[in-house]
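Student: Dropping the structure in here first, questions after.
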Amino acid sequence: MIASIRFQPTGKVYDFDADEQLGLKPGDLVLVDTARGQQVGTVVSLRDLMEGETADGLKPVERLATGRDLALRQMLEDQEAEVLAHARGLVAKMHLKMKVVSAEYTLDRSRLTLLYASEEKRLNLDGFAAQIRRRFPGNVDLRRIGPRDHAKHLEGYGACGEPCCCSRFLEQFAPISIKMAKTQGVSLNPSEITGMCGRLRCCLDYEAKQYEDAVKEMPRRKKRVRTPFGEGKVIDLQPLRNLVVVQVEDRRVEVDADDVELV
């Protein structure tokens with residue numbers, strides 16, 4: 001039995017060997033040993049091994065989380081807030097070009113992870129890490145995150161008025177290209193295609209495949225075509241409606257793609 005476990009509300013899902021945990025079900029909080037130390041995670045789903053698949057290399061689910069585990073996690077979350085405030089104070093004091101986004105302890109307190117955002121790829125943070133360890137003894141792991149992960153932690157709102165997809169349900173980021181916006185006829189105005197992270201909006205990927213499939217059988221813009229209304233030039237496409245917008249002399253007409261022929 002394989003258990004898929006998530007450690008953050010919209011974080012990545014990891015597989016663990018749950019063969020020894022009878023009665024485990026989705027939604028259960030469990031204790032597992034990860035590469036970073038002990039952590040409490042939520043079971044997202046359970047499945048049997050597929051034919052030819054083995055659980056070799058997967059770490060086991062140790063047990064269900066107890067009330068003591070959850071109380072300890074809450075206590076650590078309170079301390080994480082203290083760490084975060086201290087770290088941000090150090091950043092201002094040391095004039096570092098970075099922003100500390102979050103702090104997280106493993107349940108066994110073996111490691112403290114600080115996530116930070118910075119436009120500079122190479123920062124000398126030895127002094128910063130030493131100051132953190134002086135106040136909060138233990139292993140300190142500093143991890144730089146990109147603009148999209150930064151926005152995910154901020155949990156802001158998108159141009160649609162809804163909470164950002166990344167902080168609501170996206171587990172990982174898909175590659176987004178300007179071609180996706182062009183294919184869908186979206187305005188290329190930067191304010192209309194970029195999110196609060198300053199990168200192209202993740203939602204451009206949602207219908208990209210449908211648009212790409214639809215335009216394969218349609219003429220390209222600026223091509224000369226024959227239509228039931230006469231010969232003209234393609235000025236726009238409406239792929240999901242299977243319509244081609246053609247300029248025929250001084251008229252702008254919408255024609256079904258099946259009724260259009262290239263000149």
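Labels for the structure tokens follow display order: chains A, B, ..., residues from 1 in each chain, ligands from 1.
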Got a sec: who's within 6 Å of segment 221-237 of chain A, counting only C-alpha atoms, leaving out chain neighbours fewer than 3 positions off, as a ChimeraX atom specification?
Tutor: /A:244-248,260-263
Student: Create the file for the chosen residues now, containing C-alpha atoms and written as a short mmCIF file (atom, residue, chain, number, x, y, z; two decimals), in the first residue's frame.
Tutor:
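To be explicit, this is the file written out as selection-v6.cif:
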data_model
loop_
_atom_site.label_atom_id
_atom_site.label_comp_id
_atom_site.auth_asym_id
_atom_site.auth_seq_id
_atom_site.Cartn_x
_atom_site.Cartn_y
_atom_site.Cartn_z
CA VAL A 244 -12.35 32.78 -38.59
CA VAL A 245 -12.66 36.57 -38.68
CA VAL A 246 -11.97 37.81 -42.21
CA GLN A 247 -11.67 41.30 -43.66
CA VAL A 248 -13.55 41.15 -46.99
CA VAL A 260 -12.72 28.88 -45.46
CA GLU A 261 -10.12 27.97 -48.09
CA LEU A 262 -6.59 29.25 -48.49
CA VAL A 263 -5.96 31.21 -51.67
#
Student: Would you pick out the contacts of Arg168 of chain A at 12 Å or less, using only C-alpha atoms, so that residues sharing its chain but fewer than 2 positions from it are not included, and give the list as a list in words?
Tutor: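 Returned residues: Gln8, Pro9, Thr10, Gly11, Ala151, Lys152, His153, Leu154, Glu155, Gly156, Tyr157, Gly158, Glu162, Pro163, Cys164, Cys165, Cys166, Leu170, Glu171 and Gln172 of chain A.
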Student: Create the file for the chosen residues now, containing C-alpha atoms and written as an mmCIF file, in the first residue's frame.
Tutor:
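Result file out.cif:
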data_model
loop_
_atom_site.group_PDB
_atom_site.id
_atom_site.type_symbol
_atom_site.label_atom_id
_atom_site.label_comp_id
_atom_site.auth_asym_id
_atom_site.auth_seq_id
_atom_site.Cartn_x
_atom_site.Cartn_y
_atom_site.Cartn_z
ATOM 1 C CA GLN A 8 1.623 21.946 3.225
ATOM 2 C CA PRO A 9 -1.976 22.779 2.183
ATOM 3 C CA THR A 10 -0.983 23.188 -1.480
ATOM 4 C CA GLY A 11 2.442 21.586 -1.299
ATOM 5 C CA ALA A 151 3.767 34.644 -4.331
ATOM 6 C CA LYS A 152 2.459 31.244 -3.221
ATOM 7 C CA HIS A 153 3.477 32.028 0.362
ATOM 8 C CA LEU A 154 2.017 35.546 0.236
ATOM 9 C CA GLU A 155 -1.460 34.186 -0.605
ATOM 10 C CA GLY A 156 -2.628 37.285 -2.467
ATOM 11 C CA TYR A 157 -5.404 37.803 -5.007
ATOM 12 C CA GLY A 158 -5.253 37.576 -8.791
ATOM 13 C CA GLU A 162 -10.049 35.189 -6.573
ATOM 14 C CA PRO A 163 -7.172 34.022 -4.346
ATOM 15 C CA CYS A 164 -4.099 33.187 -6.438
ATOM 16 C CA CYS A 165 -4.211 29.688 -7.931
ATOM 17 C CA CYS A 166 -0.726 28.933 -6.625
ATOM 18 C CA LEU A 170 -1.522 24.366 -7.609
ATOM 19 C CA GLU A 171 0.962 21.730 -6.404
ATOM 20 C CA GLN A 172 3.623 22.602 -8.964
#
Student: Using only C-alpha atoms, which of A:Asp258, A:Glu120, A:Asp141, A:Asp33 sits nearest Asp17 of chain A?
Tutor: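 For Asp17 of chain A, the nearest of the given residues is A:Asp33.
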Student: As a ChimeraX atom specification, list the residues of segment 12-174 of chain A assigned to strand (DSSP E or B) by DSSP on the backbone atoms of this structure.
Tutor: /A:13-17,29-34,37-47,60-64,99-105,111-117,139-145,157,163
Student: Store the residues picked out above, limited to C-alpha atoms, as a PDB file, in the first residue's frame.
Tutor:
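Written out: part.pdb:
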ATOM      1  CA  VAL A  13       2.626  15.233  -2.679  1.00  0.00           C
ATOM      2  CA  TYR A  14       5.172  12.559  -1.696  1.00  0.00           C
ATOM      3  CA  ASP A  15       4.776   8.776  -1.663  1.00  0.00           C
ATOM      4  CA  PHE A  16       5.468   6.647   1.422  1.00  0.00           C
ATOM      5  CA  ASP A  17       5.226   2.938   2.178  1.00  0.00           C
ATOM      6  CA  LEU A  29      -2.436  12.953  10.079  1.00  0.00           C
ATOM      7  CA  VAL A  30       0.658  10.754  10.212  1.00  0.00           C
ATOM      8  CA  LEU A  31       4.248  10.907  11.391  1.00  0.00           C
ATOM      9  CA  VAL A  32       6.935  10.209   8.789  1.00  0.00           C
ATOM     10  CA  ASP A  33      10.692  10.480   8.594  1.00  0.00           C
ATOM     11  CA  THR A  34      11.827  12.642   5.665  1.00  0.00           C
ATOM     12  CA  GLY A  37      13.737  15.052   9.670  1.00  0.00           C
ATOM     13  CA  GLN A  38      10.461  14.003  11.292  1.00  0.00           C
ATOM     14  CA  GLN A  39       7.354  15.712   9.987  1.00  0.00           C
ATOM     15  CA  VAL A  40       3.601  15.481  10.370  1.00  0.00           C
ATOM     16  CA  GLY A  41       1.755  15.184   7.070  1.00  0.00           C
ATOM     17  CA  THR A  42      -1.768  14.622   5.790  1.00  0.00           C
ATOM     18  CA  VAL A  43      -2.680  11.486   3.850  1.00  0.00           C
ATOM     19  CA  VAL A  44      -4.081  12.625   0.495  1.00  0.00           C
ATOM     20  CA  SER A  45      -4.727   9.221  -1.046  1.00  0.00           C
ATOM     21  CA  LEU A  46      -3.960   5.514  -0.745  1.00  0.00           C
ATOM     22  CA  ARG A  47      -3.390   2.976  -3.489  1.00  0.00           C
ATOM     23  CA  PRO A  60       7.589   4.018   5.748  1.00  0.00           C
ATOM     24  CA  VAL A  61       4.719   5.795   7.451  1.00  0.00           C
ATOM     25  CA  GLU A  62       5.766   5.472  11.095  1.00  0.00           C
ATOM     26  CA  ARG A  63       2.382   5.870  12.766  1.00  0.00           C
ATOM     27  CA  LEU A  64      -0.679   8.025  13.171  1.00  0.00           C
ATOM     28  CA  LYS A  99      13.265  38.769   2.122  1.00  0.00           C
ATOM     29  CA  VAL A 100      12.717  35.915   4.560  1.00  0.00           C
ATOM     30  CA  VAL A 101       9.405  34.316   3.611  1.00  0.00           C
ATOM     31  CA  SER A 102       8.906  31.526   6.128  1.00  0.00           C
ATOM     32  CA  ALA A 103      10.520  29.474   8.893  1.00  0.00           C
ATOM     33  CA  GLU A 104       9.789  25.828   9.601  1.00  0.00           C
ATOM     34  CA  TYR A 105      11.032  23.342  12.196  1.00  0.00           C
ATOM     35  CA  ARG A 111      16.454  21.202  11.383  1.00  0.00           C
ATOM     36  CA  LEU A 112      15.210  24.761  10.985  1.00  0.00           C
ATOM     37  CA  THR A 113      14.502  25.731   7.364  1.00  0.00           C
ATOM     38  CA  LEU A 114      14.294  29.367   6.317  1.00  0.00           C
ATOM     39  CA  LEU A 115      12.907  30.168   2.883  1.00  0.00           C
ATOM     40  CA  TYR A 116      13.980  33.478   1.381  1.00  0.00           C
ATOM     41  CA  ALA A 117      13.442  35.397  -1.852  1.00  0.00           C
ATOM     42  CA  ASN A 139      20.933  22.966  12.002  1.00  0.00           C
ATOM     43  CA  VAL A 140      19.824  25.930   9.900  1.00  0.00           C
ATOM     44  CA  ASP A 141      18.965  25.356   6.247  1.00  0.00           C
ATOM     45  CA  LEU A 142      18.661  28.473   4.050  1.00  0.00           C
ATOM     46  CA  ARG A 143      16.769  27.901   0.818  1.00  0.00           C
ATOM     47  CA  ARG A 144      16.248  30.470  -1.909  1.00  0.00           C
ATOM     48  CA  ILE A 145      12.865  30.356  -3.667  1.00  0.00           C
ATOM     49  CA  TYR A 157      -5.404  37.803  -5.007  1.00  0.00           C
ATOM     50  CA  PRO A 163      -7.172  34.022  -4.346  1.00  0.00           C
TER      51      PRO A 163
END
Student: So that I can check the surroundings of Glu192 of chain A, please list as a list in words every protein, DNA and RNA residue that reaches within 9 Å of it, counting only C-alpha atoms and ignoring chain neighbours fewer than 5 positions away.
Tutor: Ala159, Val186, Ser187 and Arg201 of chain A
Student: Of the residues A:Asp48, A:Glu53, A:Pro147, A:Ala130, which is the one nearest to Gly198 of chain A, using only C-alpha atoms?
Tutor: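 For Gly198 of chain A, the nearest of the candidates is A:Pro147.
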Student: Of the candidates A:Glu51, A:Asp149, A:Glu254, A:Asp28, which one gets nearest to Arg199 of chain A if we count only C-alpha atoms?
Tutor: A:Asp149
